[in-house]
Amino acid sequence: ITLLLIIVGLILQSLFIKAEIDGKMKAAVILKGTASLMFVLLGVFLITSKITMYGDLILKGLIFGMFGDILLNLRYLVPKQKESSVFGLGVLSFIVGHIFYIAALVDLGGTGILLYSLIFTIIISVVVVLLMKKHILKA
């Protein structure tokens with residue numbers, strides 16, 4: 001199953017790139033979302049064999065990454081006045097996902113630089129969200 005999910009994900013990602021190059025944005029959004037779903041399913045498959053706090057945090061990061069991928073590509077299909085809002089929500093989704101990834105590493109026993117990285121990421125994320133707030137709230 002692992003190899004199948006990886007192969008399907010690579011094929012979908014390749015088709016997404018081709019669709020985006022060809023300007024077929026509806027197909028690109030669907031393909032990117034489906035490719036992202038493959039890495040979430042891969043995470044579910046690999047993590048469910050041993051549920052831990054680490055696995056739970058990684059899975060949440062993967063899910064937020066998938067939503068970020070979808071939103072960043074969806075911005076090409078929404079009305080012009082909503083583009084920046086959808087983009088902002090996509091960036092916000094990626095930020096949340098990365099906070100989960102760093103928290104997972106800290107949960108593994110990462111102290112020192114990882115803990116400081118988590119704190120730094122949260123601070124920078126708050127600043128970015130505050131700067132992008134007017135765009136995000138338009139959504």
# chains A, B, ... in the order shown; residues from 1 in each chain; ligands from 1
$ residues_around --residues "Gly65 (chain A)" --least-positions-apart "4" --cutoff "9 Å" --atoms "only C-alpha atoms" --output "number ranges by chain"
A: 36, 40, 60-61, 69-70, 90, 93-98
$ write_last_selection --atoms "C-alpha atoms" --output "CSV table (one decimal), in the first residue's frame"
chain,number,residue,atom,x,y,z
A,36,SER,CA,-2.0,16.0,-1.5
A,40,VAL,CA,-2.3,12.3,4.0
A,60,LYS,CA,-2.4,17.1,11.6
A,61,GLY,CA,0.5,18.8,9.8
A,69,ASP,CA,-2.1,23.1,-1.3
A,70,ILE,CA,-5.7,23.2,-2.3
A,90,GLY,CA,-3.6,28.9,2.2
A,93,SER,CA,-2.9,26.6,6.7
A,94,PHE,CA,0.8,26.0,5.9
A,95,ILE,CA,1.9,27.9,9.0
A,96,VAL,CA,-0.4,25.8,11.2
A,97,GLY,CA,0.9,22.6,9.6
A,98,HIS,CA,4.5,23.6,10.2
$ residues_around --residues "region 4-9 of chain A" --least-positions-apart "5" --cutoff "12 Å" --atoms "only C-alpha atoms" --output "short mmCIF file (atom, residue, chain, number, x, y, z; two decimals) with N, CA, C and O atoms, in the first residue's frame"
data_model
loop_
_atom_site.label_atom_id
_atom_site.label_comp_id
_atom_site.auth_asym_id
_atom_site.auth_seq_id
_atom_site.Cartn_x
_atom_site.Cartn_y
_atom_site.Cartn_z
N SER A 14 2.63 14.90 -11.09
CA SER A 14 3.10 15.16 -12.46
C SER A 14 1.97 15.68 -13.34
O SER A 14 2.16 16.63 -14.12
N LEU A 15 0.80 15.07 -13.22
CA LEU A 15 -0.36 15.54 -13.99
C LEU A 15 -0.77 16.95 -13.56
O LEU A 15 -1.20 17.75 -14.40
N PHE A 16 -0.65 17.23 -12.26
CA PHE A 16 -0.95 18.58 -11.76
C PHE A 16 -0.04 19.60 -12.42
O PHE A 16 -0.49 20.65 -12.90
N LEU A 31 -6.29 17.90 -9.27
CA LEU A 31 -5.11 17.02 -9.26
C LEU A 31 -4.21 17.31 -8.05
O LEU A 31 -3.71 16.39 -7.41
N LYS A 32 -4.02 18.58 -7.74
CA LYS A 32 -3.16 18.93 -6.59
C LYS A 32 -3.81 18.46 -5.29
O LYS A 32 -3.15 17.92 -4.41
N GLY A 33 -5.11 18.68 -5.17
CA GLY A 33 -5.82 18.23 -3.96
C GLY A 33 -5.77 16.72 -3.82
O GLY A 33 -5.56 16.20 -2.71
N THR A 34 -5.91 16.01 -4.93
CA THR A 34 -5.87 14.55 -4.89
C THR A 34 -4.45 14.05 -4.59
O THR A 34 -4.27 13.10 -3.83
N ALA A 35 -3.45 14.70 -5.18
CA ALA A 35 -2.06 14.34 -4.89
C ALA A 35 -1.76 14.56 -3.41
O ALA A 35 -1.12 13.73 -2.76
N SER A 36 -2.23 15.66 -2.87
CA SER A 36 -2.03 15.96 -1.45
C SER A 36 -2.75 14.94 -0.58
O SER A 36 -2.25 14.56 0.48
N LEU A 37 -3.92 14.52 -1.03
CA LEU A 37 -4.65 13.50 -0.29
C LEU A 37 -3.83 12.21 -0.19
O LEU A 37 -3.88 11.52 0.83
N MET A 38 -3.03 11.92 -1.21
CA MET A 38 -2.20 10.71 -1.19
C MET A 38 -1.19 10.77 -0.05
O MET A 38 -0.94 9.78 0.63
N PHE A 39 -0.56 11.97 0.19
CA PHE A 39 0.39 12.01 1.30
C PHE A 39 -0.30 11.98 2.64
O PHE A 39 0.23 11.46 3.62
N VAL A 40 -1.54 12.47 2.71
CA VAL A 40 -2.30 12.35 3.96
C VAL A 40 -2.65 10.87 4.20
O VAL A 40 -2.49 10.36 5.31
N LEU A 41 -3.12 10.19 3.15
CA LEU A 41 -3.45 8.76 3.28
C LEU A 41 -2.21 7.94 3.63
O LEU A 41 -2.28 7.01 4.43
N LEU A 42 -1.08 8.30 3.04
CA LEU A 42 0.18 7.63 3.37
C LEU A 42 0.49 7.83 4.85
O LEU A 42 0.87 6.88 5.56
N GLY A 43 0.30 9.05 5.33
CA GLY A 43 0.50 9.32 6.75
C GLY A 43 -0.43 8.52 7.63
O GLY A 43 -0.02 7.93 8.62
N VAL A 44 -1.70 8.46 7.24
CA VAL A 44 -2.68 7.67 8.01
C VAL A 44 -2.26 6.21 8.04
O VAL A 44 -2.26 5.57 9.10
N PHE A 45 -1.90 5.68 6.89
CA PHE A 45 -1.51 4.27 6.80
C PHE A 45 -0.28 3.98 7.66
O PHE A 45 -0.24 2.97 8.37
N LEU A 46 0.71 4.85 7.62
CA LEU A 46 1.95 4.60 8.36
C LEU A 46 1.80 4.88 9.85
O LEU A 46 2.42 4.22 10.67
#
$ residues_around --residues "region 118-122 of chain A" --least-positions-apart "3" --cutoff "10 Å" --atoms "only C-alpha atoms" --output "list of chain:residue names"
A:Ile95, A:Val96, A:His98, A:Ile99, A:Phe100, A:Tyr101, A:Ile102, A:Ala103, A:Ala104, A:Leu105, A:Val106, A:Ile113, A:Leu114, A:Leu115, A:Ser125, A:Val126, A:Val127, A:Val128
$ write_last_selection --atoms "N, CA and C atoms" --output "PDB file, in the first residue's frame"
ATOM      1  N   ILE A  95       1.238  27.491   7.702  1.00  0.00           N
ATOM      2  CA  ILE A  95       1.855  27.901   8.969  1.00  0.00           C
ATOM      3  C   ILE A  95       1.420  26.953  10.088  1.00  0.00           C
ATOM      4  N   VAL A  96       0.118  26.706  10.180  1.00  0.00           N
ATOM      5  CA  VAL A  96      -0.398  25.813  11.218  1.00  0.00           C
ATOM      6  C   VAL A  96       0.212  24.419  11.060  1.00  0.00           C
ATOM      7  N   HIS A  98       3.094  23.597   9.781  1.00  0.00           N
ATOM      8  CA  HIS A  98       4.500  23.601  10.194  1.00  0.00           C
ATOM      9  C   HIS A  98       4.655  23.701  11.710  1.00  0.00           C
ATOM     10  N   ILE A  99       3.738  24.369  12.351  1.00  0.00           N
ATOM     11  CA  ILE A  99       3.766  24.391  13.816  1.00  0.00           C
ATOM     12  C   ILE A  99       3.552  22.971  14.347  1.00  0.00           C
ATOM     13  N   PHE A 100       2.631  22.235  13.732  1.00  0.00           N
ATOM     14  CA  PHE A 100       2.419  20.838  14.141  1.00  0.00           C
ATOM     15  C   PHE A 100       3.675  19.994  13.905  1.00  0.00           C
ATOM     16  N   TYR A 101       4.345  20.192  12.764  1.00  0.00           N
ATOM     17  CA  TYR A 101       5.563  19.414  12.482  1.00  0.00           C
ATOM     18  C   TYR A 101       6.644  19.669  13.527  1.00  0.00           C
ATOM     19  N   ILE A 102       6.864  20.935  13.847  1.00  0.00           N
ATOM     20  CA  ILE A 102       7.899  21.262  14.841  1.00  0.00           C
ATOM     21  C   ILE A 102       7.496  20.742  16.211  1.00  0.00           C
ATOM     22  N   ALA A 103       6.217  20.869  16.552  1.00  0.00           N
ATOM     23  CA  ALA A 103       5.739  20.343  17.836  1.00  0.00           C
ATOM     24  C   ALA A 103       5.963  18.833  17.907  1.00  0.00           C
ATOM     25  N   ALA A 104       5.788  18.140  16.776  1.00  0.00           N
ATOM     26  CA  ALA A 104       6.025  16.690  16.743  1.00  0.00           C
ATOM     27  C   ALA A 104       7.487  16.386  17.045  1.00  0.00           C
ATOM     28  N   LEU A 105       8.391  17.167  16.481  1.00  0.00           N
ATOM     29  CA  LEU A 105       9.814  16.946  16.734  1.00  0.00           C
ATOM     30  C   LEU A 105      10.160  17.235  18.191  1.00  0.00           C
ATOM     31  N   VAL A 106       9.547  18.257  18.749  1.00  0.00           N
ATOM     32  CA  VAL A 106       9.765  18.562  20.173  1.00  0.00           C
ATOM     33  C   VAL A 106       9.232  17.406  21.013  1.00  0.00           C
ATOM     34  N   ILE A 113      17.329  23.686  20.381  1.00  0.00           N
ATOM     35  CA  ILE A 113      17.028  24.406  19.148  1.00  0.00           C
ATOM     36  C   ILE A 113      15.626  24.106  18.631  1.00  0.00           C
ATOM     37  N   LEU A 114      15.138  22.874  18.787  1.00  0.00           N
ATOM     38  CA  LEU A 114      13.793  22.568  18.301  1.00  0.00           C
ATOM     39  C   LEU A 114      12.727  23.306  19.100  1.00  0.00           C
ATOM     40  N   LEU A 115      12.901  23.340  20.401  1.00  0.00           N
ATOM     41  CA  LEU A 115      11.937  24.059  21.229  1.00  0.00           C
ATOM     42  C   LEU A 115      11.965  25.545  20.891  1.00  0.00           C
ATOM     43  N   SER A 125       4.726  33.411  13.000  1.00  0.00           N
ATOM     44  CA  SER A 125       3.403  33.129  12.450  1.00  0.00           C
ATOM     45  C   SER A 125       2.378  34.164  12.897  1.00  0.00           C
ATOM     46  N   VAL A 126       2.431  34.527  14.151  1.00  0.00           N
ATOM     47  CA  VAL A 126       1.510  35.553  14.662  1.00  0.00           C
ATOM     48  C   VAL A 126       1.746  36.869  13.927  1.00  0.00           C
ATOM     49  N   VAL A 127       3.003  37.226  13.707  1.00  0.00           N
ATOM     50  CA  VAL A 127       3.322  38.461  12.989  1.00  0.00           C
ATOM     51  C   VAL A 127       2.794  38.388  11.556  1.00  0.00           C
ATOM     52  N   VAL A 128       3.036  37.269  10.878  1.00  0.00           N
ATOM     53  CA  VAL A 128       2.566  37.108   9.500  1.00  0.00           C
ATOM     54  C   VAL A 128       1.043  37.180   9.443  1.00  0.00           C
TER      55      VAL A 128
END
$ atom_distance --atom1 "CA of Lys26 (chain A)" --atom2 "CA of Val129 (chain A)"
27.8 Å
$ select_by_dssp --residues "chain A" --states "helix (DSSP H, G or I)" --output "PyMOL selection string"
chain A and resi 2-21+25-47+53-74+80-107+113-136
$ residues_around --residues "Ile17 (chain A)" --least-positions-apart "4" --cutoff "9 Å" --atoms "only C-alpha atoms" --output "list in words"
Leu12, Gln13, Ile21, Asp22, Ala28, Leu31 and Lys32 of chain A
$ atom_distance --atom1 "CA of Lys133 (chain A)" --atom2 "CA of Arg75 (chain A)"
16.8 Å
$ closest_residue --among "A:Met132, A:Leu57, A:Leu108, A:Leu77" --to "Gly23 (chain A)" --atoms "only C-alpha atoms"
A:Leu77
